[in-house]
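data07.txt, holding compact mmCIF, N, CA and C atoms:
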# COMPACT_ATOMS: atom_id res chain seq x y z
N MET F 1 0.85 -1.18 0.00
CA MET F 1 0.00 0.00 0.00
C MET F 1 0.89 1.24 0.00
N ALA F 2 0.54 2.20 -0.78
CA ALA F 2 1.32 3.43 -0.91
C ALA F 2 1.20 4.29 0.35
N ASP F 3 2.30 4.93 0.72
CA ASP F 3 2.33 5.88 1.83
C ASP F 3 2.14 7.27 1.23
N TRP F 4 0.89 7.70 1.06
CA TRP F 4 0.57 8.94 0.37
C TRP F 4 0.94 10.16 1.20
N GLN F 5 1.58 11.13 0.56
CA GLN F 5 1.96 12.40 1.16
C GLN F 5 1.23 13.52 0.43
N PRO F 6 0.71 14.54 1.15
CA PRO F 6 0.12 15.69 0.46
C PRO F 6 1.20 16.40 -0.37
N ILE F 7 0.80 16.89 -1.53
CA ILE F 7 1.74 17.58 -2.41
C ILE F 7 2.10 18.94 -1.84
N LYS F 8 3.36 19.17 -1.72
CA LYS F 8 3.92 20.48 -1.43
C LYS F 8 5.14 20.55 -2.33
N LEU F 9 5.20 21.50 -3.21
CA LEU F 9 6.28 21.52 -4.19
C LEU F 9 7.66 21.46 -3.55
N SER F 10 7.80 21.98 -2.34
CA SER F 10 9.10 21.93 -1.70
C SER F 10 9.42 20.53 -1.18
N GLU F 11 8.42 19.66 -1.06
CA GLU F 11 8.64 18.32 -0.52
C GLU F 11 8.58 17.22 -1.59
N ALA F 12 7.77 17.40 -2.63
CA ALA F 12 7.69 16.39 -3.67
C ALA F 12 9.03 16.37 -4.41
N PRO F 13 9.65 15.20 -4.55
CA PRO F 13 10.96 15.16 -5.20
C PRO F 13 10.88 15.62 -6.65
N GLU F 14 11.92 16.28 -7.10
CA GLU F 14 11.97 16.77 -8.48
C GLU F 14 12.81 15.82 -9.32
N ASN F 15 12.38 15.63 -10.57
CA ASN F 15 13.07 14.76 -11.54
C ASN F 15 13.18 13.32 -11.08
N VAL F 16 12.19 12.85 -10.31
CA VAL F 16 12.10 11.47 -9.86
C VAL F 16 10.69 10.99 -10.15
N THR F 17 10.54 9.82 -10.70
CA THR F 17 9.21 9.26 -10.96
C THR F 17 8.57 8.83 -9.65
N VAL F 18 7.37 9.36 -9.38
CA VAL F 18 6.62 9.02 -8.18
C VAL F 18 5.19 8.67 -8.57
N LEU F 19 4.49 8.01 -7.69
CA LEU F 19 3.07 7.70 -7.88
C LEU F 19 2.28 8.92 -7.42
N THR F 20 1.31 9.37 -8.21
CA THR F 20 0.53 10.55 -7.88
C THR F 20 -0.96 10.25 -7.98
N LYS F 21 -1.75 11.12 -7.34
CA LYS F 21 -3.20 11.00 -7.45
C LYS F 21 -3.83 12.34 -7.10
N ILE F 22 -5.09 12.49 -7.49
CA ILE F 22 -5.95 13.56 -7.01
C ILE F 22 -6.89 12.89 -6.02
N ASP F 23 -6.97 13.42 -4.82
CA ASP F 23 -7.86 12.88 -3.80
C ASP F 23 -8.54 14.06 -3.10
N ASP F 24 -9.83 14.24 -3.41
CA ASP F 24 -10.58 15.37 -2.85
C ASP F 24 -12.01 14.91 -2.55
N ALA F 25 -12.92 15.84 -2.46
CA ALA F 25 -14.31 15.52 -2.12
C ALA F 25 -14.95 14.57 -3.13
N ASP F 26 -14.44 14.54 -4.36
CA ASP F 26 -14.97 13.64 -5.39
C ASP F 26 -14.33 12.26 -5.36
N GLY F 27 -13.38 12.04 -4.44
CA GLY F 27 -12.71 10.74 -4.32
C GLY F 27 -11.35 10.73 -4.97
N ALA F 28 -10.71 9.56 -4.95
CA ALA F 28 -9.37 9.39 -5.52
C ALA F 28 -9.49 9.07 -7.01
N ARG F 29 -8.63 9.71 -7.80
CA ARG F 29 -8.63 9.48 -9.25
C ARG F 29 -7.29 9.91 -9.83
N ASN F 30 -7.09 9.68 -11.11
CA ASN F 30 -5.87 10.04 -11.82
C ASN F 30 -4.64 9.45 -11.14
N ILE F 31 -4.73 8.22 -10.68
CA ILE F 31 -3.60 7.57 -10.02
C ILE F 31 -2.65 7.07 -11.11
N GLN F 32 -1.44 7.65 -11.14
CA GLN F 32 -0.46 7.26 -12.15
C GLN F 32 0.92 7.76 -11.76
N GLU F 33 1.94 7.20 -12.41
CA GLU F 33 3.31 7.63 -12.18
C GLU F 33 3.58 8.89 -12.98
N LEU F 34 4.14 9.90 -12.32
CA LEU F 34 4.51 11.15 -12.95
C LEU F 34 5.86 11.60 -12.41
N ARG F 35 6.43 12.58 -13.07
CA ARG F 35 7.72 13.14 -12.68
C ARG F 35 7.58 14.66 -12.63
N ARG F 36 7.93 15.27 -11.48
CA ARG F 36 7.79 16.71 -11.32
C ARG F 36 9.07 17.41 -11.79
N GLN F 37 8.86 18.48 -12.55
CA GLN F 37 9.96 19.36 -12.95
C GLN F 37 9.45 20.79 -12.78
N GLY F 38 9.94 21.46 -11.75
CA GLY F 38 9.42 22.79 -11.43
C GLY F 38 7.98 22.65 -10.96
N SER F 39 7.08 23.41 -11.57
CA SER F 39 5.67 23.33 -11.18
C SER F 39 4.84 22.44 -12.11
N LEU F 40 5.49 21.80 -13.08
CA LEU F 40 4.78 20.92 -14.02
C LEU F 40 5.01 19.46 -13.67
N TRP F 41 3.99 18.65 -13.92
CA TRP F 41 4.07 17.20 -13.72
C TRP F 41 4.05 16.53 -15.08
N TRP F 42 5.06 15.71 -15.37
CA TRP F 42 5.29 15.07 -16.67
C TRP F 42 5.10 13.56 -16.57
N TYR F 43 4.79 12.94 -17.73
CA TYR F 43 4.86 11.49 -17.81
C TYR F 43 6.31 11.09 -17.55
N PRO F 44 6.56 9.87 -17.05
CA PRO F 44 7.93 9.47 -16.72
C PRO F 44 8.93 9.61 -17.87
N ASP F 45 8.47 9.44 -19.11
CA ASP F 45 9.40 9.58 -20.25
C ASP F 45 9.57 11.03 -20.71
N MET F 46 8.94 11.97 -19.98
CA MET F 46 9.03 13.40 -20.25
C MET F 46 8.44 13.78 -21.62
N SER F 47 7.55 12.96 -22.16
CA SER F 47 6.97 13.22 -23.48
C SER F 47 5.88 14.29 -23.44
N MET F 48 5.21 14.43 -22.28
CA MET F 48 4.11 15.39 -22.19
C MET F 48 3.81 15.65 -20.72
N TYR F 49 3.38 16.88 -20.41
CA TYR F 49 2.97 17.16 -19.04
C TYR F 49 1.46 17.05 -18.93
N VAL F 50 0.98 16.86 -17.70
CA VAL F 50 -0.46 16.71 -17.48
C VAL F 50 -1.06 18.08 -17.17
N TYR F 51 -2.32 18.22 -17.46
CA TYR F 51 -3.02 19.50 -17.30
C TYR F 51 -3.77 19.58 -15.98
N TYR F 52 -3.19 19.03 -14.93
CA TYR F 52 -3.77 19.12 -13.59
C TYR F 52 -2.64 19.07 -12.57
N GLN F 53 -2.95 19.43 -11.35
CA GLN F 53 -1.99 19.39 -10.24
C GLN F 53 -2.38 18.26 -9.31
N PRO F 54 -1.56 17.22 -9.17
CA PRO F 54 -1.89 16.16 -8.21
C PRO F 54 -1.98 16.73 -6.79
N THR F 55 -2.74 16.05 -5.94
CA THR F 55 -2.85 16.48 -4.55
C THR F 55 -1.98 15.65 -3.62
N HIS F 56 -1.59 14.43 -4.05
CA HIS F 56 -0.81 13.53 -3.21
C HIS F 56 0.23 12.80 -4.06
N TRP F 57 1.32 12.37 -3.39
CA TRP F 57 2.34 11.58 -4.06
C TRP F 57 2.85 10.49 -3.11
N ALA F 58 3.41 9.44 -3.68
CA ALA F 58 4.02 8.36 -2.91
C ALA F 58 5.17 7.80 -3.74
N GLN F 59 6.06 7.07 -3.09
CA GLN F 59 7.18 6.47 -3.82
C GLN F 59 6.61 5.50 -4.86
N ALA F 60 7.17 5.55 -6.07
CA ALA F 60 6.70 4.69 -7.15
C ALA F 60 7.05 3.23 -6.84
N PRO F 61 6.19 2.28 -7.24
CA PRO F 61 6.46 0.87 -7.00
C PRO F 61 7.79 0.41 -7.62
N SER F 62 8.20 1.08 -8.70
CA SER F 62 9.45 0.70 -9.35
C SER F 62 10.65 1.04 -8.48
N GLY F 63 10.43 1.89 -7.45
CA GLY F 63 11.49 2.23 -6.52
C GLY F 63 12.50 3.19 -7.05
N GLU F 64 12.19 3.87 -8.16
CA GLU F 64 13.14 4.81 -8.79
C GLU F 64 13.41 5.98 -7.88

What is this structure when it is put down as structure tokens?
Amino acid sequence: MADWQPIKLSEAPENVTVLTKIDDADGARNIQELRRQGSLWWYPDMSMYVYYQPTHWAQAPSGE
């Protein structure tokens, strides 16, 4: 089970693939691996950034 941490840009690791999700009043969704660079969240291969801000992150299962 993932140890979810609330997103704070100063705490979410940069340039490391982590597991992310949106978890709010509507429930948990958009659970996927992303990589933060500055204020943008990218797919792990850096091919495209997502158009939302995750609310939580956890260490990726791959252990990267």

Size and centre in Å, one decimal, axis-aligned box, all listed range 4-22 of chain F atoms plus 6 Å per side, as JSON:
{"center_x": 3.1, "center_y": 14.8, "center_z": -5.2, "size_x": 32.1, "size_y": 26.3, "size_z": 24.7}

task: Find the residues around Arg35 in chain F up to 7 Å (all atoms listed in the file counted), leave out those fewer than 3 positions away in its own chain, and share them as a VMD selection string.
output: chain F and resid 13 to 18 40 to 44

- prompt: Which residue gives the smallest distance to Gln5 in chain F among F:Ala58, F:Met46, F:Leu34, F:Ala28, with only C-alpha atoms counted?
  reply: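 The answer is F:Ala58, which sits nearest to Gln5 in chain F.
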
message: Would you compute the distance between CA of Arg29 in chain F and CA of Ala2 in chain F? Give it in Å to one decimal.
response: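 Answer for the CA of Arg29 in chain F to CA of Ala2 in chain F separation: 14.3 Å.
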
- request: Can you work out which one of F:Asp3, F:Gln53, F:Leu19, F:Asp26 has the shortest atom-to-atom distance to Ser39 in chain F, counting only N, CA and C atoms?
  value: F:Gln53

query: Taking into account only C-alpha atoms, which residue in the set F:Asn30, F:Arg36, F:Ala25, F:Tyr51 is nearest to Ala12 in chain F?
result: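 Closest to Ala12 in chain F, using only C-alpha atoms: F:Arg36.
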
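CA of Ile22 in chain F lies 5.0 Å from CA of Pro54 in chain F.
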
query: Between CA of Ala60 in chain F and atom N of Ile31 in chain F, what is the distance, to one decimal in Å?
result: 12.5 Å

field: Residue nearest Glu11 in chain F among F:Gly38, F:Glu33, F:Tyr52, F:Gly27 (counting only C-alpha atoms)
entry: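 Residue with the minimum atom-to-atom distance to Glu11 in chain F: F:Gly38.
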
Chain F: which residues are strand (DSSP E or B) by DSSP, as a tab-separated table (two decimals) with N, CA and C atoms, in the coordinates of the input?
chain	number	residue	atom	x	y	z
F	5	GLN	N	1.58	11.13	0.56
F	5	GLN	CA	1.96	12.40	1.16
F	5	GLN	C	1.23	13.52	0.43
F	6	PRO	N	0.71	14.54	1.15
F	6	PRO	CA	0.12	15.69	0.46
F	6	PRO	C	1.20	16.40	-0.37
F	14	GLU	N	11.92	16.28	-7.10
F	14	GLU	CA	11.97	16.77	-8.48
F	14	GLU	C	12.81	15.82	-9.32
F	17	THR	N	10.54	9.82	-10.70
F	17	THR	CA	9.21	9.26	-10.96
F	17	THR	C	8.57	8.83	-9.65
F	18	VAL	N	7.37	9.36	-9.38
F	18	VAL	CA	6.62	9.02	-8.18
F	18	VAL	C	5.19	8.67	-8.57
F	19	LEU	N	4.49	8.01	-7.69
F	19	LEU	CA	3.07	7.70	-7.88
F	19	LEU	C	2.28	8.92	-7.42
F	20	THR	N	1.31	9.37	-8.21
F	20	THR	CA	0.53	10.55	-7.88
F	20	THR	C	-0.96	10.25	-7.98
F	21	LYS	N	-1.75	11.12	-7.34
F	21	LYS	CA	-3.20	11.00	-7.45
F	21	LYS	C	-3.83	12.34	-7.10
F	22	ILE	N	-5.09	12.49	-7.49
F	22	ILE	CA	-5.95	13.56	-7.01
F	22	ILE	C	-6.89	12.89	-6.02
F	23	ASP	N	-6.97	13.42	-4.82
F	23	ASP	CA	-7.86	12.88	-3.80
F	23	ASP	C	-8.54	14.06	-3.10
F	24	ASP	N	-9.83	14.24	-3.41
F	24	ASP	CA	-10.58	15.37	-2.85
F	24	ASP	C	-12.01	14.91	-2.55
F	27	GLY	N	-13.38	12.04	-4.44
F	27	GLY	CA	-12.71	10.74	-4.32
F	27	GLY	C	-11.35	10.73	-4.97
F	28	ALA	N	-10.71	9.56	-4.95
F	28	ALA	CA	-9.37	9.39	-5.52
F	28	ALA	C	-9.49	9.07	-7.01
F	29	ARG	N	-8.63	9.71	-7.80
F	29	ARG	CA	-8.63	9.48	-9.25
F	29	ARG	C	-7.29	9.91	-9.83
F	30	ASN	N	-7.09	9.68	-11.11
F	30	ASN	CA	-5.87	10.04	-11.82
F	30	ASN	C	-4.64	9.45	-11.14
F	31	ILE	N	-4.73	8.22	-10.68
F	31	ILE	CA	-3.60	7.57	-10.02
F	31	ILE	C	-2.65	7.07	-11.11
F	32	GLN	N	-1.44	7.65	-11.14
F	32	GLN	CA	-0.46	7.26	-12.15
F	32	GLN	C	0.92	7.76	-11.76
F	33	GLU	N	1.94	7.20	-12.41
F	33	GLU	CA	3.31	7.63	-12.18
F	33	GLU	C	3.58	8.89	-12.98
F	34	LEU	N	4.14	9.90	-12.32
F	34	LEU	CA	4.51	11.15	-12.95
F	34	LEU	C	5.86	11.60	-12.41
F	35	ARG	N	6.43	12.58	-13.07
F	35	ARG	CA	7.72	13.14	-12.68
F	35	ARG	C	7.58	14.66	-12.63
F	36	ARG	N	7.93	15.27	-11.48
F	36	ARG	CA	7.79	16.71	-11.32
F	36	ARG	C	9.07	17.41	-11.79
F	37	GLN	N	8.86	18.48	-12.55
F	37	GLN	CA	9.96	19.36	-12.95
F	37	GLN	C	9.45	20.79	-12.78
F	40	LEU	N	5.49	21.80	-13.08
F	40	LEU	CA	4.78	20.92	-14.02
F	40	LEU	C	5.01	19.46	-13.67
F	41	TRP	N	3.99	18.65	-13.92
F	41	TRP	CA	4.07	17.20	-13.72
F	41	TRP	C	4.05	16.53	-15.08
F	42	TRP	N	5.06	15.71	-15.37
F	42	TRP	CA	5.29	15.07	-16.67
F	42	TRP	C	5.10	13.56	-16.57
F	49	TYR	N	3.38	16.88	-20.41
F	49	TYR	CA	2.97	17.16	-19.04
F	49	TYR	C	1.46	17.05	-18.93
F	56	HIS	N	-1.59	14.43	-4.05
F	56	HIS	CA	-0.81	13.53	-3.21
F	56	HIS	C	0.23	12.80	-4.06
F	57	TRP	N	1.32	12.37	-3.39
F	57	TRP	CA	2.34	11.58	-4.06
F	57	TRP	C	2.85	10.49	-3.11
F	58	ALA	N	3.41	9.44	-3.68
F	58	ALA	CA	4.02	8.36	-2.91
F	58	ALA	C	5.17	7.80	-3.74
F	59	GLN	N	6.06	7.07	-3.09
F	59	GLN	CA	7.18	6.47	-3.82
F	59	GLN	C	6.61	5.50	-4.86

Residue rebuild result range 21-47 of chain F, N, CA, C and O atoms as a PDB file, in the frame of the given file:
ATOM      1  N   LYS F  21      -1.750  11.120  -7.340  1.00  0.00           N
ATOM      2  CA  LYS F  21      -3.200  11.000  -7.450  1.00  0.00           C
ATOM      3  C   LYS F  21      -3.830  12.340  -7.100  1.00  0.00           C
ATOM      4  O   LYS F  21      -3.206  13.209  -6.492  1.00  0.00           O
ATOM      5  N   ILE F  22      -5.090  12.490  -7.490  1.00  0.00           N
ATOM      6  CA  ILE F  22      -5.950  13.560  -7.010  1.00  0.00           C
ATOM      7  C   ILE F  22      -6.890  12.890  -6.020  1.00  0.00           C
ATOM      8  O   ILE F  22      -7.513  11.879  -6.339  1.00  0.00           O
ATOM      9  N   ASP F  23      -6.970  13.420  -4.820  1.00  0.00           N
ATOM     10  CA  ASP F  23      -7.860  12.880  -3.800  1.00  0.00           C
ATOM     11  C   ASP F  23      -8.540  14.060  -3.100  1.00  0.00           C
ATOM     12  O   ASP F  23      -7.927  14.799  -2.352  1.00  0.00           O
ATOM     13  N   ASP F  24      -9.830  14.240  -3.410  1.00  0.00           N
ATOM     14  CA  ASP F  24     -10.580  15.370  -2.850  1.00  0.00           C
ATOM     15  C   ASP F  24     -12.010  14.910  -2.550  1.00  0.00           C
ATOM     16  O   ASP F  24     -12.247  13.708  -2.422  1.00  0.00           O
ATOM     17  N   ALA F  25     -12.920  15.840  -2.460  1.00  0.00           N
ATOM     18  CA  ALA F  25     -14.310  15.520  -2.120  1.00  0.00           C
ATOM     19  C   ALA F  25     -14.950  14.570  -3.130  1.00  0.00           C
ATOM     20  O   ALA F  25     -15.903  13.855  -2.797  1.00  0.00           O
ATOM     21  N   ASP F  26     -14.440  14.540  -4.360  1.00  0.00           N
ATOM     22  CA  ASP F  26     -14.970  13.640  -5.390  1.00  0.00           C
ATOM     23  C   ASP F  26     -14.330  12.260  -5.360  1.00  0.00           C
ATOM     24  O   ASP F  26     -14.643  11.418  -6.190  1.00  0.00           O
ATOM     25  N   GLY F  27     -13.380  12.040  -4.440  1.00  0.00           N
ATOM     26  CA  GLY F  27     -12.710  10.740  -4.320  1.00  0.00           C
ATOM     27  C   GLY F  27     -11.350  10.730  -4.970  1.00  0.00           C
ATOM     28  O   GLY F  27     -10.861  11.737  -5.483  1.00  0.00           O
ATOM     29  N   ALA F  28     -10.710   9.560  -4.950  1.00  0.00           N
ATOM     30  CA  ALA F  28      -9.370   9.390  -5.520  1.00  0.00           C
ATOM     31  C   ALA F  28      -9.490   9.070  -7.010  1.00  0.00           C
ATOM     32  O   ALA F  28     -10.328   8.274  -7.420  1.00  0.00           O
ATOM     33  N   ARG F  29      -8.630   9.710  -7.800  1.00  0.00           N
ATOM     34  CA  ARG F  29      -8.630   9.480  -9.250  1.00  0.00           C
ATOM     35  C   ARG F  29      -7.290   9.910  -9.830  1.00  0.00           C
ATOM     36  O   ARG F  29      -6.453  10.459  -9.131  1.00  0.00           O
ATOM     37  N   ASN F  30      -7.090   9.680 -11.110  1.00  0.00           N
ATOM     38  CA  ASN F  30      -5.870  10.040 -11.820  1.00  0.00           C
ATOM     39  C   ASN F  30      -4.640   9.450 -11.140  1.00  0.00           C
ATOM     40  O   ASN F  30      -3.609  10.113 -11.049  1.00  0.00           O
ATOM     41  N   ILE F  31      -4.730   8.220 -10.680  1.00  0.00           N
ATOM     42  CA  ILE F  31      -3.600   7.570 -10.020  1.00  0.00           C
ATOM     43  C   ILE F  31      -2.650   7.070 -11.110  1.00  0.00           C
ATOM     44  O   ILE F  31      -3.021   6.223 -11.928  1.00  0.00           O
ATOM     45  N   GLN F  32      -1.440   7.650 -11.140  1.00  0.00           N
ATOM     46  CA  GLN F  32      -0.460   7.260 -12.150  1.00  0.00           C
ATOM     47  C   GLN F  32       0.920   7.760 -11.760  1.00  0.00           C
ATOM     48  O   GLN F  32       1.068   8.598 -10.889  1.00  0.00           O
ATOM     49  N   GLU F  33       1.940   7.200 -12.410  1.00  0.00           N
ATOM     50  CA  GLU F  33       3.310   7.630 -12.180  1.00  0.00           C
ATOM     51  C   GLU F  33       3.580   8.890 -12.980  1.00  0.00           C
ATOM     52  O   GLU F  33       3.248   8.966 -14.174  1.00  0.00           O
ATOM     53  N   LEU F  34       4.140   9.900 -12.320  1.00  0.00           N
ATOM     54  CA  LEU F  34       4.510  11.150 -12.950  1.00  0.00           C
ATOM     55  C   LEU F  34       5.860  11.600 -12.410  1.00  0.00           C
ATOM     56  O   LEU F  34       6.335  11.083 -11.404  1.00  0.00           O
ATOM     57  N   ARG F  35       6.430  12.580 -13.070  1.00  0.00           N
ATOM     58  CA  ARG F  35       7.720  13.140 -12.680  1.00  0.00           C
ATOM     59  C   ARG F  35       7.580  14.660 -12.630  1.00  0.00           C
ATOM     60  O   ARG F  35       7.170  15.281 -13.599  1.00  0.00           O
ATOM     61  N   ARG F  36       7.930  15.270 -11.480  1.00  0.00           N
ATOM     62  CA  ARG F  36       7.790  16.710 -11.320  1.00  0.00           C
ATOM     63  C   ARG F  36       9.070  17.410 -11.790  1.00  0.00           C
ATOM     64  O   ARG F  36      10.171  17.001 -11.495  1.00  0.00           O
ATOM     65  N   GLN F  37       8.860  18.480 -12.550  1.00  0.00           N
ATOM     66  CA  GLN F  37       9.960  19.360 -12.950  1.00  0.00           C
ATOM     67  C   GLN F  37       9.450  20.790 -12.780  1.00  0.00           C
ATOM     68  O   GLN F  37       8.584  21.234 -13.537  1.00  0.00           O
ATOM     69  N   GLY F  38       9.940  21.460 -11.750  1.00  0.00           N
ATOM     70  CA  GLY F  38       9.420  22.790 -11.430  1.00  0.00           C
ATOM     71  C   GLY F  38       7.980  22.650 -10.960  1.00  0.00           C
ATOM     72  O   GLY F  38       7.683  21.850 -10.086  1.00  0.00           O
ATOM     73  N   SER F  39       7.080  23.410 -11.570  1.00  0.00           N
ATOM     74  CA  SER F  39       5.670  23.330 -11.180  1.00  0.00           C
ATOM     75  C   SER F  39       4.840  22.440 -12.110  1.00  0.00           C
ATOM     76  O   SER F  39       3.635  22.324 -11.932  1.00  0.00           O
ATOM     77  N   LEU F  40       5.490  21.800 -13.080  1.00  0.00           N
ATOM     78  CA  LEU F  40       4.780  20.920 -14.020  1.00  0.00           C
ATOM     79  C   LEU F  40       5.010  19.460 -13.670  1.00  0.00           C
ATOM     80  O   LEU F  40       6.092  19.076 -13.211  1.00  0.00           O
ATOM     81  N   TRP F  41       3.990  18.650 -13.920  1.00  0.00           N
ATOM     82  CA  TRP F  41       4.070  17.200 -13.720  1.00  0.00           C
ATOM     83  C   TRP F  41       4.050  16.530 -15.080  1.00  0.00           C
ATOM     84  O   TRP F  41       3.154  16.756 -15.885  1.00  0.00           O
ATOM     85  N   TRP F  42       5.060  15.710 -15.370  1.00  0.00           N
ATOM     86  CA  TRP F  42       5.290  15.070 -16.670  1.00  0.00           C
ATOM     87  C   TRP F  42       5.100  13.560 -16.570  1.00  0.00           C
ATOM     88  O   TRP F  42       5.284  12.975 -15.502  1.00  0.00           O
ATOM     89  N   TYR F  43       4.790  12.940 -17.730  1.00  0.00           N
ATOM     90  CA  TYR F  43       4.860  11.490 -17.810  1.00  0.00           C
ATOM     91  C   TYR F  43       6.310  11.090 -17.550  1.00  0.00           C
ATOM     92  O   TYR F  43       7.230  11.876 -17.819  1.00  0.00           O
ATOM     93  N   PRO F  44       6.560   9.870 -17.050  1.00  0.00           N
ATOM     94  CA  PRO F  44       7.930   9.470 -16.720  1.00  0.00           C
ATOM     95  C   PRO F  44       8.930   9.610 -17.870  1.00  0.00           C
ATOM     96  O   PRO F  44      10.098   9.898 -17.632  1.00  0.00           O
ATOM     97  N   ASP F  45       8.470   9.440 -19.110  1.00  0.00           N
ATOM     98  CA  ASP F  45       9.400   9.580 -20.250  1.00  0.00           C
ATOM     99  C   ASP F  45       9.570  11.030 -20.710  1.00  0.00           C
ATOM    100  O   ASP F  45      10.237  11.288 -21.714  1.00  0.00           O
ATOM    101  N   MET F  46       8.940  11.970 -19.980  1.00  0.00           N
ATOM    102  CA  MET F  46       9.030  13.400 -20.250  1.00  0.00           C
ATOM    103  C   MET F  46       8.440  13.780 -21.620  1.00  0.00           C
ATOM    104  O   MET F  46       8.753  14.828 -22.155  1.00  0.00           O
ATOM    105  N   SER F  47       7.550  12.960 -22.160  1.00  0.00           N
ATOM    106  CA  SER F  47       6.970  13.220 -23.480  1.00  0.00           C
ATOM    107  C   SER F  47       5.880  14.290 -23.440  1.00  0.00           C
ATOM    108  O   SER F  47       5.645  14.964 -24.439  1.00  0.00           O
TER     109      SER F  47
END
